[in-house]
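The block underneath contains the structure these notes are about, expressed in structure tokens.
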Amino acid sequence: MKKTLSICAVLAMTFSSWSHAATYGIGTNQQGSLFYSIGAALSKTMVEVTGEQYRVAPYAGSSTYIPMMNAGRLAFGLSNGGEVTFAYLGMENFEGRANKNLRLVGAVIPTQTSFAVPTNSDVKTIADLKGKRVPSGYNSGRTFHFYSNAALASGFLSIENTKKVPTPNFVTALTALEQNKVDAALVPMNVGAGKKAMATMSDGWRYISLNDNELARAEVEKNLPSARIVSMKPSAALTGVVEDPTNMIEVDFFLIAGADVADDVVYELVKTMASNKAALAKSFGAFNRYIPENMVQKNVVPYHPGAIKAYKEMGIWPSE
């Protein structure tokens, strides 16, 4: 009997050790992307504050790592509100492959995106992209396919109205813009690859302002669920914003988790994020726009129980 108890105690200590030593990956797009910068800052802060092992895990695109999360092979990841909806329901690029094991952890920051063109380009509006060379496909970063559709739809165009240039992801598309192989490319606001292109291109680049009216807003929402049009004013802090105002697509970026991630792990992550905004922002400036009280946003994807517990304690979970 004592021998059995001794073995059980050793096993319990072993499993406890494994649990404590677990490494939690945060899936992101490739290095240079906004997702990567967010994931790197988050993993760094979690390691420093909690002592737990977190690491940023870059992949070719979110359509690669989201199924891994659904299968329990990756703990966390980043996705925009539209794509996580598609993934959960098995729509669009996830057609017939519903990822029902996805859970929301919380909205991190809203992000703005539009097409960028060389500063001296004759393209002034979305309508001017008709017949121009525009990246298409985004097979390794499929979410930008829907960003592209939404942005073009604001000007009542589709990708079929352009000269399609097959491109695996937005970083490759931006490189093509630098090399004059495309006439426009989608650039998320203040992303590292965009700043690099600004410094590399002889005259830099500027954003195209989208149409902002009731019909345009409806088209944007139809092509990218949860997306909205917002107006940005030129500022030294906003790379590429020249026109006043510059209308762009805004979407919330969500931290998501697999359903099998332990409740206490997700709970600790939410509480740590909410109480360490300064550390997050020090690692990546975009976190200055992170508002813990805004982490709960409506979406068809259910929230993780560990996150719900944290939000109830924070007093921001909506009443039943």
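Labeling convention for the structure tokens: chains A, B, ... as they appear, residues from 1 per chain, ligands from 1 in order of appearance.
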If we count only C-alpha atoms, what is near segment 134-141 of chain A at a cut-off of 6 Å, once residues fewer than 2 positions away on the same chain are taken out, given as a VMD selection string? chain A and resid 60 to 61 143 145 164 to 169 182 184
Please list as a short mmCIF file (atom, residue, chain, number, x, y, z; two decimals) with N, CA, C and O atoms, in the first residue's frame every residue within 9 Å of Ile66 of chain A, counting only C-alpha atoms and excluding residues in the same chain fewer than 4 positions away.
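Saved result, result_33.cif, follows:
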data_model
loop_
_atom_site.label_atom_id
_atom_site.label_comp_id
_atom_site.auth_asym_id
_atom_site.auth_seq_id
_atom_site.Cartn_x
_atom_site.Cartn_y
_atom_site.Cartn_z
N GLY A 27 0.20 31.66 -31.67
CA GLY A 27 0.32 31.63 -33.13
C GLY A 27 0.14 33.02 -33.74
O GLY A 27 -0.77 33.76 -33.37
N GLY A 61 0.56 31.99 -42.12
CA GLY A 61 -0.68 32.74 -42.01
C GLY A 61 -1.60 32.10 -40.98
O GLY A 61 -1.39 30.97 -40.55
N SER A 62 -2.64 32.85 -40.59
CA SER A 62 -3.56 32.36 -39.56
C SER A 62 -4.37 31.16 -40.03
O SER A 62 -4.80 30.35 -39.21
N ASN A 70 -7.52 24.44 -33.08
CA ASN A 70 -8.74 23.65 -33.02
C ASN A 70 -8.46 22.19 -32.65
O ASN A 70 -9.24 21.55 -31.95
N ALA A 71 -7.30 21.68 -33.12
CA ALA A 71 -6.91 20.30 -32.87
C ALA A 71 -6.17 20.12 -31.55
O ALA A 71 -5.77 19.01 -31.21
N LEU A 74 -1.87 23.80 -30.45
CA LEU A 74 -1.35 25.14 -30.19
C LEU A 74 -2.33 25.81 -29.23
O LEU A 74 -3.55 25.72 -29.41
N PHE A 76 -2.66 29.26 -28.08
CA PHE A 76 -3.24 30.57 -28.36
C PHE A 76 -2.90 31.02 -29.78
O PHE A 76 -2.03 30.47 -30.44
N GLY A 77 -3.59 32.05 -30.21
CA GLY A 77 -3.32 32.63 -31.52
C GLY A 77 -4.02 33.97 -31.66
O GLY A 77 -4.81 34.36 -30.79
N LEU A 78 -3.74 34.67 -32.73
CA LEU A 78 -4.35 35.97 -33.00
C LEU A 78 -5.14 35.89 -34.29
O LEU A 78 -4.74 35.23 -35.25
N SER A 79 -6.29 36.56 -34.31
CA SER A 79 -7.13 36.56 -35.50
C SER A 79 -8.00 37.81 -35.48
O SER A 79 -8.31 38.33 -34.39
N VAL A 84 -12.04 34.86 -37.48
CA VAL A 84 -12.38 33.88 -36.44
C VAL A 84 -13.83 33.44 -36.58
O VAL A 84 -14.19 32.30 -36.30
N ALA A 87 -13.77 30.90 -39.41
CA ALA A 87 -13.15 29.67 -38.95
C ALA A 87 -14.09 28.85 -38.07
O ALA A 87 -14.21 27.63 -38.23
N ASN A 99 -14.26 25.06 -37.18
CA ASN A 99 -13.32 24.93 -36.06
C ASN A 99 -14.06 25.22 -34.76
O ASN A 99 -13.90 26.28 -34.15
N LEU A 102 -12.58 26.50 -31.16
CA LEU A 102 -12.00 27.82 -30.93
C LEU A 102 -12.80 28.55 -29.85
O LEU A 102 -14.03 28.43 -29.77
N GLY A 258 -7.59 27.52 -27.85
CA GLY A 258 -8.27 26.26 -28.06
C GLY A 258 -9.14 25.95 -26.85
O GLY A 258 -8.82 26.35 -25.73
#
Min atom-atom distance to Leu177 of chain A from the set A:Leu215, A:Ala227, A:Val270, A:Val117, counting only C-alpha atoms, belongs to A:Val117
Shell around Asn288 of chain A at 12 Å using only C-alpha atoms, local window under 5 positions removed, as a PyMOL selection string: chain A and resi 38+108-110+276-283
Output file for the residues above (N, CA and C atoms, as a PDB file, in the first residue's frame):
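What landed in selection39.pdb:
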ATOM      1  N   ILE A  38       2.474  41.839 -31.891  1.00  0.00           N
ATOM      2  CA  ILE A  38       1.565  41.716 -30.745  1.00  0.00           C
ATOM      3  C   ILE A  38       1.887  40.452 -29.956  1.00  0.00           C
ATOM      4  N   VAL A 108      -7.986  42.564 -28.372  1.00  0.00           N
ATOM      5  CA  VAL A 108      -6.727  43.173 -27.916  1.00  0.00           C
ATOM      6  C   VAL A 108      -6.662  44.640 -28.346  1.00  0.00           C
ATOM      7  N   ILE A 109      -6.601  44.873 -29.653  1.00  0.00           N
ATOM      8  CA  ILE A 109      -6.583  46.247 -30.156  1.00  0.00           C
ATOM      9  C   ILE A 109      -7.374  46.306 -31.460  1.00  0.00           C
ATOM     10  N   PRO A 110      -7.954  47.465 -31.759  1.00  0.00           N
ATOM     11  CA  PRO A 110      -8.536  47.650 -33.087  1.00  0.00           C
ATOM     12  C   PRO A 110      -7.411  48.021 -34.049  1.00  0.00           C
ATOM     13  N   ASN A 276      -1.180  44.921 -16.799  1.00  0.00           N
ATOM     14  CA  ASN A 276       0.187  45.217 -17.243  1.00  0.00           C
ATOM     15  C   ASN A 276       0.228  45.903 -18.608  1.00  0.00           C
ATOM     16  N   LYS A 277      -0.698  46.850 -18.812  1.00  0.00           N
ATOM     17  CA  LYS A 277      -0.729  47.565 -20.080  1.00  0.00           C
ATOM     18  C   LYS A 277       0.593  48.291 -20.343  1.00  0.00           C
ATOM     19  N   ALA A 278       1.165  48.908 -19.325  1.00  0.00           N
ATOM     20  CA  ALA A 278       2.399  49.676 -19.514  1.00  0.00           C
ATOM     21  C   ALA A 278       3.534  48.790 -20.015  1.00  0.00           C
ATOM     22  N   ALA A 279       3.648  47.587 -19.465  1.00  0.00           N
ATOM     23  CA  ALA A 279       4.704  46.668 -19.888  1.00  0.00           C
ATOM     24  C   ALA A 279       4.466  46.205 -21.322  1.00  0.00           C
ATOM     25  N   LEU A 280       3.212  45.940 -21.658  1.00  0.00           N
ATOM     26  CA  LEU A 280       2.887  45.534 -23.020  1.00  0.00           C
ATOM     27  C   LEU A 280       3.224  46.649 -24.007  1.00  0.00           C
ATOM     28  N   ALA A 281       2.841  47.875 -23.665  1.00  0.00           N
ATOM     29  CA  ALA A 281       3.089  49.022 -24.543  1.00  0.00           C
ATOM     30  C   ALA A 281       4.578  49.318 -24.678  1.00  0.00           C
ATOM     31  N   LYS A 282       5.346  49.038 -23.637  1.00  0.00           N
ATOM     32  CA  LYS A 282       6.791  49.244 -23.704  1.00  0.00           C
ATOM     33  C   LYS A 282       7.413  48.285 -24.712  1.00  0.00           C
ATOM     34  N   SER A 283       6.855  47.078 -24.792  1.00  0.00           N
ATOM     35  CA  SER A 283       7.362  46.087 -25.741  1.00  0.00           C
ATOM     36  C   SER A 283       6.896  46.366 -27.159  1.00  0.00           C
TER      37      SER A 283
END
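The shell of residues at most 12 Å from Asn299 of chain A, with only C-alpha atoms counted and near chain neighbours (fewer than 6 positions) removed, consists of A:Asn80, A:Gly81, A:Gly82, A:Glu83, A:Val84, A:Thr85, A:Phe86, A:Tyr88, A:Leu89, A:Arg103, A:Leu104, A:Val105, A:Gly106, A:Ala107, A:Pro225, A:Ser226, A:Ala227, A:Asp252, A:Phe253, A:Phe254, A:Ile256.
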For the residues selected in the previous step, produce a file with C-alpha atoms as a short mmCIF file (atom, residue, chain, number, x, y, z; two decimals), in the first residue's frame.
data_model
loop_
_atom_site.label_atom_id
_atom_site.label_comp_id
_atom_site.auth_asym_id
_atom_site.auth_seq_id
_atom_site.Cartn_x
_atom_site.Cartn_y
_atom_site.Cartn_z
CA ASN A 80 -9.33 39.40 -36.65
CA GLY A 81 -13.03 39.32 -35.80
CA GLY A 82 -14.07 38.40 -39.32
CA GLU A 83 -11.70 35.49 -39.81
CA VAL A 84 -12.38 33.88 -36.44
CA THR A 85 -16.08 33.98 -37.36
CA PHE A 86 -15.35 32.24 -40.69
CA TYR A 88 -15.65 28.82 -36.22
CA LEU A 89 -18.60 28.50 -38.61
CA ARG A 103 -12.73 30.14 -28.02
CA LEU A 104 -12.31 33.89 -27.64
CA VAL A 105 -9.95 35.19 -24.98
CA GLY A 106 -10.55 38.85 -25.71
CA ALA A 107 -10.25 41.77 -28.11
CA PRO A 225 -17.80 40.54 -40.66
CA SER A 226 -17.24 42.95 -37.72
CA ALA A 227 -15.35 45.41 -39.96
CA ASP A 252 -10.74 44.20 -33.74
CA PHE A 253 -7.84 41.79 -33.33
CA PHE A 254 -8.77 38.97 -30.98
CA ILE A 256 -8.13 33.27 -29.22
#
Of A:Asp263, A:Glu243, A:Glu268, A:Asp183, the one nearest to Tyr303 of chain A when counting only C-alpha atoms is A:Asp263
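From atom CA of Ile249 of chain A back to atom CA of Glu219 of chain A, the distance works out to 11.4 Å.
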Please provide the set of residues having any atom within 8 Å of Leu34 of chain A, restricted to only C-alpha atoms, with same-chain residues fewer than 3 positions apart removed, written as a PyMOL selection string. chain A and resi 29+37-38+188+191-192
If you measure from atom CA of Asn211 of chain A to atom CA of Leu174 of chain A, what distance in Å do you get, rounded to one decimal? 22.6 Å
Can you pull out the residues contacting Tyr311 of chain A? Cut-off 12 Å, using only C-alpha atoms, and skip same-chain residues under 4 positions away; I want them as a list in words. Val105, Gly106, Val266, Tyr267, Glu268, Leu269, Val270, Lys271, Met273, Ala274, Pro292, Glu293, Asn294, Met295, Val296, Gln297, Tyr303, His304, Pro305, Gly306, Ala307, Gly315, Ile316, Trp317, Pro318 and Ser319 of chain A
Which residues come within 12 Å of Asp203 of chain A, counting only C-alpha atoms, excluding same-chain residues fewer than 4 positions away, as a PDB file with all heavy atoms, in the first residue's frame?
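Written out: out09.pdb:
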ATOM      1  N   VAL A 117      -0.297  53.031 -51.874  1.00  0.00           N
ATOM      2  CA  VAL A 117       0.267  53.210 -53.216  1.00  0.00           C
ATOM      3  C   VAL A 117       1.513  54.084 -53.084  1.00  0.00           C
ATOM      4  O   VAL A 117       1.662  54.823 -52.100  1.00  0.00           O
ATOM      5  CB  VAL A 117      -0.738  53.883 -54.181  1.00  0.00           C
ATOM      6  CG1 VAL A 117      -1.958  52.992 -54.396  1.00  0.00           C
ATOM      7  CG2 VAL A 117      -1.158  55.260 -53.679  1.00  0.00           C
ATOM      8  N   PRO A 118       2.425  54.034 -54.056  1.00  0.00           N
ATOM      9  CA  PRO A 118       3.575  54.950 -54.009  1.00  0.00           C
ATOM     10  C   PRO A 118       3.079  56.397 -53.920  1.00  0.00           C
ATOM     11  O   PRO A 118       2.041  56.752 -54.494  1.00  0.00           O
ATOM     12  CB  PRO A 118       4.286  54.681 -55.340  1.00  0.00           C
ATOM     13  CG  PRO A 118       3.919  53.273 -55.676  1.00  0.00           C
ATOM     14  CD  PRO A 118       2.503  53.113 -55.210  1.00  0.00           C
ATOM     15  N   THR A 119       3.801  57.224 -53.203  1.00  0.00           N
ATOM     16  CA  THR A 119       3.380  58.609 -52.973  1.00  0.00           C
ATOM     17  C   THR A 119       3.064  59.350 -54.270  1.00  0.00           C
ATOM     18  O   THR A 119       2.113  60.135 -54.341  1.00  0.00           O
ATOM     19  CB  THR A 119       4.466  59.361 -52.194  1.00  0.00           C
ATOM     20  OG1 THR A 119       4.666  58.707 -50.931  1.00  0.00           O
ATOM     21  CG2 THR A 119       4.072  60.809 -51.948  1.00  0.00           C
ATOM     22  N   ASN A 120       3.839  59.092 -55.318  1.00  0.00           N
ATOM     23  CA  ASN A 120       3.638  59.804 -56.584  1.00  0.00           C
ATOM     24  C   ASN A 120       2.680  59.087 -57.533  1.00  0.00           C
ATOM     25  O   ASN A 120       2.573  59.437 -58.713  1.00  0.00           O
ATOM     26  CB  ASN A 120       4.972  60.049 -57.280  1.00  0.00           C
ATOM     27  CG  ASN A 120       5.715  58.738 -57.562  1.00  0.00           C
ATOM     28  OD1 ASN A 120       5.203  57.651 -57.293  1.00  0.00           O
ATOM     29  ND2 ASN A 120       6.924  58.856 -58.087  1.00  0.00           N
ATOM     30  N   SER A 121       1.953  58.075 -57.054  1.00  0.00           N
ATOM     31  CA  SER A 121       1.022  57.331 -57.892  1.00  0.00           C
ATOM     32  C   SER A 121      -0.154  58.206 -58.333  1.00  0.00           C
ATOM     33  O   SER A 121      -0.574  59.124 -57.618  1.00  0.00           O
ATOM     34  CB  SER A 121       0.484  56.114 -57.128  1.00  0.00           C
ATOM     35  OG  SER A 121      -0.582  55.495 -57.817  1.00  0.00           O
ATOM     36  N   GLU A 178       7.276  47.608 -53.180  1.00  0.00           N
ATOM     37  CA  GLU A 178       8.606  48.230 -53.139  1.00  0.00           C
ATOM     38  C   GLU A 178       9.325  48.054 -54.473  1.00  0.00           C
ATOM     39  O   GLU A 178      10.054  48.949 -54.925  1.00  0.00           O
ATOM     40  CB  GLU A 178       9.456  47.595 -52.028  1.00  0.00           C
ATOM     41  CG  GLU A 178       8.982  47.850 -50.615  1.00  0.00           C
ATOM     42  CD  GLU A 178       9.873  47.137 -49.607  1.00  0.00           C
ATOM     43  OE1 GLU A 178      11.103  47.309 -49.680  1.00  0.00           O
ATOM     44  OE2 GLU A 178       9.344  46.409 -48.755  1.00  0.00           O
ATOM     45  N   ALA A 197       9.141  49.532 -45.705  1.00  0.00           N
ATOM     46  CA  ALA A 197       8.884  49.919 -47.089  1.00  0.00           C
ATOM     47  C   ALA A 197       8.916  51.431 -47.260  1.00  0.00           C
ATOM     48  O   ALA A 197       9.406  51.947 -48.268  1.00  0.00           O
ATOM     49  CB  ALA A 197       7.531  49.369 -47.538  1.00  0.00           C
ATOM     50  N   MET A 198       8.399  52.157 -46.266  1.00  0.00           N
ATOM     51  CA  MET A 198       8.412  53.620 -46.325  1.00  0.00           C
ATOM     52  C   MET A 198       9.843  54.141 -46.432  1.00  0.00           C
ATOM     53  O   MET A 198      10.128  55.095 -47.167  1.00  0.00           O
ATOM     54  CB  MET A 198       7.723  54.204 -45.089  1.00  0.00           C
ATOM     55  CG  MET A 198       7.628  55.720 -45.074  1.00  0.00           C
ATOM     56  SD  MET A 198       6.570  56.394 -46.387  1.00  0.00           S
ATOM     57  CE  MET A 198       4.954  56.172 -45.631  1.00  0.00           C
ATOM     58  N   ALA A 199      10.753  53.496 -45.698  1.00  0.00           N
ATOM     59  CA  ALA A 199      12.152  53.929 -45.717  1.00  0.00           C
ATOM     60  C   ALA A 199      12.875  53.452 -46.976  1.00  0.00           C
ATOM     61  O   ALA A 199      13.818  54.095 -47.446  1.00  0.00           O
ATOM     62  CB  ALA A 199      12.868  53.392 -44.481  1.00  0.00           C
ATOM     63  N   GLY A 240       2.020  56.887 -43.290  1.00  0.00           N
ATOM     64  CA  GLY A 240       1.287  56.767 -44.540  1.00  0.00           C
ATOM     65  C   GLY A 240      -0.033  57.508 -44.608  1.00  0.00           C
ATOM     66  O   GLY A 240      -0.664  57.545 -45.666  1.00  0.00           O
TER      67      GLY A 240
END
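With distances restricted to only C-alpha atoms, A:Ala150 is the closest residue to Leu224 of chain A from A:Leu210, A:Ala310, A:Ala150, A:Ala286.
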Hey, what does DSSP flag as strand (DSSP E or B) within segment 156-185 of chain A? Can you give it to me as an NGL selection string? :A and (163-167 or 185)
Output of the above residues as a compact mmCIF listing (two decimals), in the first residue's frame, restricted to C-alpha atoms:
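The resulting file, selection.txt, is reproduced below:
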# COMPACT_ATOMS: atom_id res chain seq x y z
CA LYS A 163 -5.02 42.88 -62.93
CA LYS A 164 -4.60 40.13 -60.36
CA VAL A 165 -1.07 39.39 -59.15
CA PRO A 166 -1.03 36.11 -57.14
CA THR A 167 0.62 36.80 -53.78
CA ALA A 185 -0.81 46.72 -51.51
Just list the residues in segment 63-262 of chain A DSSP gives alpha helix (DSSP H) on the backbone, as an MDAnalysis selection string. chainID A and resid 63:70 81:89 143:154 170:178 192:200 214:223
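Across the structure, atom CA of Ala153 of chain A and atom CA of Ala193 of chain A are spaced 25.0 Å apart.
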With segment 229-237 of chain A as the partner and 12 Å as the cut-off, tabulate the residues of segment 20-115 of chain A that qualify, each row holding the nearest pair of atoms and their distance in Å to one decimal, using only C-alpha atoms, sorted by chain and rising number, as JSON lines.
{"residue": "A:Pro110", "atom": "CA", "partner": "A:Val230", "partner_atom": "CA", "distance": 10.7}
{"residue": "A:Thr111", "atom": "CA", "partner": "A:Val230", "partner_atom": "CA", "distance": 10.2}
{"residue": "A:Gln112", "atom": "CA", "partner": "A:Val230", "partner_atom": "CA", "distance": 8.0}
{"residue": "A:Thr113", "atom": "CA", "partner": "A:Ile229", "partner_atom": "CA", "distance": 9.7}
{"residue": "A:Ser114", "atom": "CA", "partner": "A:Ile229", "partner_atom": "CA", "distance": 10.1}
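Among the candidate residues A:Asn180, A:Thr162, A:Ser154, A:Thr272, the one lying nearest to Ala218 of chain A is A:Ser154, with distances computed using only C-alpha atoms.
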